[in-house]
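Source file query22.txt; content: compact mmCIF, C-alpha atoms.
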# COMPACT_ATOMS: atom_id res chain seq x y z
CA MET U 1 0.00 0.00 0.00
CA THR U 2 2.95 2.34 0.60
CA ALA U 3 3.94 2.13 -3.08
CA VAL U 4 0.41 3.09 -4.16
CA ARG U 5 0.38 6.06 -1.80
CA THR U 6 3.80 7.16 -3.07
CA ILE U 7 2.65 6.97 -6.70
CA LEU U 8 -0.48 8.96 -5.85
CA ARG U 9 1.56 11.61 -4.01
CA VAL U 10 4.00 11.97 -6.89
CA GLY U 11 1.12 12.19 -9.39
CA ALA U 12 -0.66 14.80 -7.29
CA ALA U 13 2.54 16.81 -6.88
CA ALA U 14 3.25 16.66 -10.62
CA GLY U 15 -0.24 17.91 -11.45
CA LEU U 16 -0.03 20.70 -8.90
CA TRP U 17 3.43 21.66 -10.16
CA ILE U 18 2.06 21.99 -13.70
CA ASP U 19 -0.83 24.08 -12.34
CA ALA U 20 1.56 26.35 -10.41
CA GLY U 21 3.88 26.80 -13.36
CA VAL U 22 1.20 27.59 -15.92
CA HIS U 23 -0.53 30.11 -13.66
CA ALA U 24 2.78 31.81 -12.75
CA GLN U 25 3.71 32.02 -16.44
CA LEU U 26 0.34 33.47 -17.50
CA ALA U 27 -0.22 35.90 -14.61
CA GLY U 28 1.33 38.92 -16.28
CA ARG U 29 -0.85 38.53 -19.36
CA TYR U 30 -4.00 38.84 -17.23
CA ASP U 31 -3.11 41.85 -15.09
CA ALA U 32 -5.22 44.12 -17.30
CA VAL U 33 -8.37 42.04 -16.65
CA SER U 34 -9.41 43.64 -13.42
CA ALA U 35 -12.12 44.78 -11.05
CA ALA U 36 -11.03 45.28 -7.42
CA VAL U 37 -8.67 42.33 -7.99
CA SER U 38 -6.95 41.55 -11.28
CA GLU U 39 -7.09 38.15 -12.91
CA GLY U 40 -3.28 38.22 -12.89
CA THR U 41 -3.35 38.50 -9.10
CA LEU U 42 -5.76 35.57 -8.91
CA PHE U 43 -3.40 33.57 -11.13
CA ARG U 44 -0.51 34.37 -8.76
CA VAL U 45 -2.60 33.27 -5.77
CA GLU U 46 -3.47 30.00 -7.57
CA SER U 47 0.19 29.49 -8.42
CA GLY U 48 1.28 30.07 -4.82
CA ALA U 49 -1.43 27.82 -3.40
CA ALA U 50 -0.53 25.04 -5.85
CA ALA U 51 3.19 25.39 -5.02
CA LEU U 52 2.41 25.21 -1.28
CA ALA U 53 0.22 22.18 -1.96
CA VAL U 54 3.17 20.43 -3.67
CA VAL U 55 5.24 20.88 -0.52
CA LEU U 56 2.41 19.70 1.74
CA VAL U 57 1.70 16.61 -0.38
CA LEU U 58 5.35 15.56 -0.64
CA ALA U 59 6.85 16.69 2.65
CA TRP U 60 4.12 17.03 5.28
CA ARG U 61 1.94 14.09 4.17
CA ARG U 62 -1.00 14.75 6.48
CA PRO U 63 -4.72 14.55 5.66
CA LEU U 64 -5.15 18.30 6.21
CA GLY U 65 -2.41 19.08 3.67
CA ASP U 66 -3.87 16.58 1.22
CA LEU U 67 -7.29 18.18 1.66
CA PHE U 68 -5.83 21.65 1.05
CA ALA U 69 -4.17 20.34 -2.11
CA ALA U 70 -7.39 18.70 -3.31
CA LEU U 71 -9.37 21.90 -2.69
CA THR U 72 -6.73 23.94 -4.54
CA ALA U 73 -6.83 21.60 -7.55
CA GLY U 74 -10.62 21.32 -7.47
CA ALA U 75 -11.20 25.06 -7.21
CA GLY U 76 -8.82 25.72 -10.07
CA LEU U 77 -10.42 23.04 -12.21
CA ALA U 78 -13.89 24.42 -11.49
CA ALA U 79 -12.77 27.96 -12.34
CA ILE U 80 -11.29 26.91 -15.68
CA LEU U 81 -14.46 25.05 -16.67
CA VAL U 82 -16.92 27.65 -15.43
CA TYR U 83 -15.13 30.60 -17.02
CA ARG U 84 -14.65 28.66 -20.25
CA TYR U 85 -18.33 27.82 -20.68
CA VAL U 86 -20.28 30.45 -18.67
CA ASP U 87 -20.10 34.23 -18.92
CA VAL U 88 -20.49 34.88 -15.21
CA GLY U 89 -19.56 38.56 -15.52
CA THR U 90 -18.01 40.53 -12.69
CA LEU U 91 -18.63 38.98 -9.25
CA GLY U 92 -17.97 41.41 -6.42
CA PRO U 93 -14.22 42.08 -6.43
CA LEU U 94 -13.58 39.44 -9.12
CA PRO U 95 -13.21 40.55 -12.73
CA ASP U 96 -15.11 39.12 -15.68
CA MET U 97 -12.88 36.15 -16.50
CA TYR U 98 -15.00 34.63 -19.27
CA GLU U 99 -12.68 33.19 -21.91
CA PRO U 100 -14.56 30.86 -24.30
CA VAL U 101 -11.49 29.35 -25.96
CA TRP U 102 -9.09 26.49 -25.35
CA PHE U 103 -5.36 27.04 -25.79
CA THR U 104 -2.33 24.94 -24.89
CA ASP U 105 -1.56 26.52 -21.50
CA LYS U 106 -5.19 26.30 -20.41
CA VAL U 107 -5.31 22.62 -21.38
CA TRP U 108 -2.08 21.96 -19.45
CA ALA U 109 -3.48 23.68 -16.34
CA LEU U 110 -6.71 21.70 -16.66
CA ALA U 111 -4.80 18.43 -17.08
CA GLY U 112 -2.56 19.19 -14.09
CA GLN U 113 -5.49 20.05 -11.87
CA ALA U 114 -7.45 16.97 -12.97
CA LEU U 115 -4.44 14.70 -12.36
CA ALA U 116 -3.86 16.22 -8.94
CA LEU U 117 -7.51 16.07 -7.93
CA GLY U 118 -7.89 12.45 -9.03
CA ALA U 119 -4.73 11.37 -7.21
CA LEU U 120 -5.68 13.27 -4.06
CA VAL U 121 -9.23 11.94 -3.93
CA ALA U 122 -7.80 8.42 -4.25
CA LEU U 123 -5.18 9.15 -1.58
CA LEU U 124 -7.74 10.55 0.84
CA SER U 125 -10.03 7.59 0.13
CA LEU U 126 -7.23 5.15 0.93
CA ARG U 127 -6.56 6.94 4.19
CA GLY U 128 -10.25 6.72 5.09
CA ALA U 129 -10.39 3.03 4.16
CA ALA U 130 -7.39 2.31 6.38
CA HIS U 131 -9.23 3.67 9.41
CA ARG U 132 -12.53 1.83 8.90
CA PRO U 133 -13.11 -1.25 11.04
CA VAL U 134 -13.18 -4.55 9.22
CA PRO U 135 -16.64 -6.17 9.48
CA ALA U 136 -16.74 -9.37 11.50

Output the structure of this file as structure tokens.
Amino acid sequence: MTAVRTILRVGAAAGLWIDAGVHAQLAGRYDAVSAAVSEGTLFRVESGAAALAVVLVLAWRRPLGDLFAALTAGAGLAAILVYRYVDVGTLGPLPDMYEPVWFTDKVWALAGQALALGALVALLSLRGAAHRPVPA
């Protein structure tokens, strides 16, 4: 079971690393898309959260860190899909981030987040299964 957990952790970290890198690389391009907060700033926050999640998943290896990483990947994945398909408009301090196109960097971010989320859900499920009593 340790080998499976290690593979899941490495997969999650790889996906989060891709997410962090793509968002850091694209942040400057989105600074002009702004309300109270710019989309570039949101990209930097996503990048920082994903980078922190990599450290937590690989070094700390606790359920709370894994949950933070899963929420980071899931929130990013949801944002990409929502703002790709729905013109939400400006929401409070958030700018209108509607972008109805796919391009290589967006696909990479989506793939990284999906890989991370899948690996983390499996990892958290394994942890939960290890703590359940075996029926008699």

Spatial neighbours of Ala35 of chain U, 6 Å, all atoms listed in the file, chain gap at least 6 places, as a list in words =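 That gives Pro93, Leu94 and Pro95 of chain U.
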
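The space separating atom CA of Arg9 of chain U from atom CA of His23 of chain U comes to 21.0 Å.
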
Between atom CA of Leu91 of chain U and atom CA of Ala32 of chain U, what is the distance, to one decimal in Å?
->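 It comes out at 16.5 Å.
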
The residues within 12 Å of (-2.1, 36.6, -8.2), using all atoms listed in the file and the coordinates of the file, should be reported as a PDB file with C-alpha atoms, in the frame of the given file; which are they?
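Saved to result-v8.pdb:
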ATOM      1  CA  ALA U  20       1.560  26.350 -10.410  1.00  0.00           C
ATOM      2  CA  HIS U  23      -0.530  30.110 -13.660  1.00  0.00           C
ATOM      3  CA  ALA U  24       2.780  31.810 -12.750  1.00  0.00           C
ATOM      4  CA  GLN U  25       3.710  32.020 -16.440  1.00  0.00           C
ATOM      5  CA  LEU U  26       0.340  33.470 -17.500  1.00  0.00           C
ATOM      6  CA  ALA U  27      -0.220  35.900 -14.610  1.00  0.00           C
ATOM      7  CA  GLY U  28       1.330  38.920 -16.280  1.00  0.00           C
ATOM      8  CA  ARG U  29      -0.850  38.530 -19.360  1.00  0.00           C
ATOM      9  CA  TYR U  30      -4.000  38.840 -17.230  1.00  0.00           C
ATOM     10  CA  ASP U  31      -3.110  41.850 -15.090  1.00  0.00           C
ATOM     11  CA  VAL U  33      -8.370  42.040 -16.650  1.00  0.00           C
ATOM     12  CA  SER U  34      -9.410  43.640 -13.420  1.00  0.00           C
ATOM     13  CA  VAL U  37      -8.670  42.330  -7.990  1.00  0.00           C
ATOM     14  CA  SER U  38      -6.950  41.550 -11.280  1.00  0.00           C
ATOM     15  CA  GLU U  39      -7.090  38.150 -12.910  1.00  0.00           C
ATOM     16  CA  GLY U  40      -3.280  38.220 -12.890  1.00  0.00           C
ATOM     17  CA  THR U  41      -3.350  38.500  -9.100  1.00  0.00           C
ATOM     18  CA  LEU U  42      -5.760  35.570  -8.910  1.00  0.00           C
ATOM     19  CA  PHE U  43      -3.400  33.570 -11.130  1.00  0.00           C
ATOM     20  CA  ARG U  44      -0.510  34.370  -8.760  1.00  0.00           C
ATOM     21  CA  VAL U  45      -2.600  33.270  -5.770  1.00  0.00           C
ATOM     22  CA  GLU U  46      -3.470  30.000  -7.570  1.00  0.00           C
ATOM     23  CA  SER U  47       0.190  29.490  -8.420  1.00  0.00           C
ATOM     24  CA  GLY U  48       1.280  30.070  -4.820  1.00  0.00           C
ATOM     25  CA  ALA U  49      -1.430  27.820  -3.400  1.00  0.00           C
ATOM     26  CA  ALA U  50      -0.530  25.040  -5.850  1.00  0.00           C
ATOM     27  CA  LEU U  94     -13.580  39.440  -9.120  1.00  0.00           C
TER      28      LEU U  94
END

Smallest atom-to-atom distance to Ala13 of chain U: which of U:Leu71, U:Val101, U:Leu115, U:Val86, using all atoms listed in the file?
->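 Ranking U:Leu71, U:Val101, U:Leu115, U:Val86 by distance to Ala13 of chain U, first place goes to U:Leu115.
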
Test item: which residues lie within 12 Å of (1.5, 14.4, -6.3) counting only C-alpha atoms, as number ranges by chain | U: 4-19, 50-59, 61, 65-66, 69-70, 73, 112-123

Pairwise distance for atom CA of Val22 of chain U and atom CA of Phe68 of chain U, rounded to one decimal in Å = 19.3 Å

Padding 8 Å on each side, edges along x, y and z: where is the centre of the box around the listed atoms of segment 117-131 of chain U, and how long are its edges in Å to one decimal? Output it as JSON.
{"center_x": -7.6, "center_y": 9.2, "center_z": 0.2, "size_x": 21.7, "size_y": 29.8, "size_z": 34.4}

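Among the candidates U:Asp105, U:Leu110, U:Leu124, U:Glu99, the one nearest to Ala78 of chain U when counting all atoms listed in the file is U:Leu110.
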
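Using all atoms listed in the file, the residues found no farther than 8 Å from Val88 of chain U, other than those of its own chain fewer than 3 positions away, are U:Tyr83, U:Leu91, U:Asp96, U:Met97, U:Tyr98.
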
Neighbours of Trp102 of chain U within 10 Å (all atoms listed in the file; same-chain residues fewer than 5 positions away dropped), as a ChimeraX atom specification?
-> /U:80,84,107

Because the input lacks atoms here, generate N, CA, C and O atoms for segment 39-64 of chain U and report them as a short mmCIF file (atom, residue, chain, number, x, y, z; two decimals), in the coordinates of the input.
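Saved result, out_39.cif, follows:
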data_model
loop_
_atom_site.label_atom_id
_atom_site.label_comp_id
_atom_site.auth_asym_id
_atom_site.auth_seq_id
_atom_site.Cartn_x
_atom_site.Cartn_y
_atom_site.Cartn_z
N GLU U 39 -7.19 39.58 -12.63
CA GLU U 39 -7.09 38.15 -12.91
C GLU U 39 -5.64 37.68 -12.77
O GLU U 39 -5.38 36.57 -12.33
N GLY U 40 -4.69 38.55 -13.09
CA GLY U 40 -3.28 38.22 -12.89
C GLY U 40 -2.97 37.94 -11.43
O GLY U 40 -2.24 37.00 -11.10
N THR U 41 -3.54 38.74 -10.54
CA THR U 41 -3.35 38.50 -9.10
C THR U 41 -3.95 37.16 -8.69
O THR U 41 -3.35 36.40 -7.94
N LEU U 42 -5.14 36.86 -9.21
CA LEU U 42 -5.76 35.57 -8.91
C LEU U 42 -4.91 34.41 -9.43
O LEU U 42 -4.80 33.37 -8.76
N PHE U 43 -4.28 34.60 -10.59
CA PHE U 43 -3.40 33.57 -11.13
C PHE U 43 -2.18 33.39 -10.21
O PHE U 43 -1.73 32.27 -9.99
N ARG U 44 -1.65 34.48 -9.67
CA ARG U 44 -0.51 34.37 -8.76
C ARG U 44 -0.91 33.66 -7.46
O ARG U 44 -0.15 32.87 -6.92
N VAL U 45 -2.11 33.95 -6.97
CA VAL U 45 -2.60 33.27 -5.77
C VAL U 45 -2.75 31.77 -6.05
O VAL U 45 -2.33 30.94 -5.23
N GLU U 46 -3.33 31.41 -7.20
CA GLU U 46 -3.47 30.00 -7.57
C GLU U 46 -2.10 29.33 -7.67
O GLU U 46 -1.91 28.22 -7.20
N SER U 47 -1.15 30.03 -8.28
CA SER U 47 0.19 29.49 -8.42
C SER U 47 0.84 29.25 -7.05
O SER U 47 1.42 28.19 -6.80
N GLY U 48 0.71 30.21 -6.17
CA GLY U 48 1.28 30.07 -4.82
C GLY U 48 0.62 28.96 -4.03
O GLY U 48 1.29 28.18 -3.34
N ALA U 49 -0.71 28.88 -4.12
CA ALA U 49 -1.43 27.82 -3.40
C ALA U 49 -1.04 26.44 -3.94
O ALA U 49 -0.84 25.50 -3.16
N ALA U 50 -0.92 26.33 -5.26
CA ALA U 50 -0.53 25.04 -5.85
C ALA U 50 0.90 24.67 -5.46
O ALA U 50 1.20 23.50 -5.17
N ALA U 51 1.80 25.66 -5.43
CA ALA U 51 3.19 25.39 -5.02
C ALA U 51 3.24 24.94 -3.56
O ALA U 51 3.96 23.99 -3.20
N LEU U 52 2.49 25.62 -2.69
CA LEU U 52 2.41 25.21 -1.28
C LEU U 52 1.84 23.79 -1.18
O LEU U 52 2.33 22.97 -0.40
N ALA U 53 0.83 23.51 -1.98
CA ALA U 53 0.22 22.18 -1.96
C ALA U 53 1.23 21.09 -2.35
O ALA U 53 1.21 19.99 -1.79
N VAL U 54 2.12 21.39 -3.30
CA VAL U 54 3.17 20.43 -3.67
C VAL U 54 4.01 20.08 -2.45
O VAL U 54 4.26 18.91 -2.16
N VAL U 55 4.41 21.10 -1.72
CA VAL U 55 5.24 20.88 -0.52
C VAL U 55 4.47 20.07 0.52
O VAL U 55 5.00 19.11 1.11
N LEU U 56 3.22 20.41 0.74
CA LEU U 56 2.41 19.70 1.74
C LEU U 56 2.23 18.23 1.35
O LEU U 56 2.33 17.34 2.20
N VAL U 57 1.95 17.97 0.09
CA VAL U 57 1.70 16.61 -0.38
C VAL U 57 2.97 15.75 -0.29
O VAL U 57 2.91 14.58 0.11
N LEU U 58 4.11 16.34 -0.63
CA LEU U 58 5.35 15.56 -0.64
C LEU U 58 6.07 15.51 0.70
O LEU U 58 6.64 14.48 1.06
N ALA U 59 6.05 16.62 1.43
CA ALA U 59 6.85 16.69 2.65
C ALA U 59 6.06 16.51 3.93
O ALA U 59 6.52 15.84 4.86
N TRP U 60 4.88 17.09 4.03
CA TRP U 60 4.12 17.03 5.28
C TRP U 60 3.30 15.75 5.37
O TRP U 60 3.22 15.13 6.41
N ARG U 61 2.68 15.35 4.31
CA ARG U 61 1.94 14.09 4.17
C ARG U 61 0.92 13.86 5.29
O ARG U 61 0.89 12.80 5.92
N ARG U 62 0.08 14.84 5.50
CA ARG U 62 -1.00 14.75 6.48
C ARG U 62 -2.34 14.94 5.76
O ARG U 62 -2.40 15.60 4.73
N PRO U 63 -3.41 14.40 6.31
CA PRO U 63 -4.72 14.55 5.66
C PRO U 63 -5.11 16.01 5.43
O PRO U 63 -5.69 16.34 4.39
N LEU U 64 -4.80 16.89 6.36
CA LEU U 64 -5.15 18.30 6.21
C LEU U 64 -4.43 18.91 5.01
O LEU U 64 -5.02 19.67 4.23
#
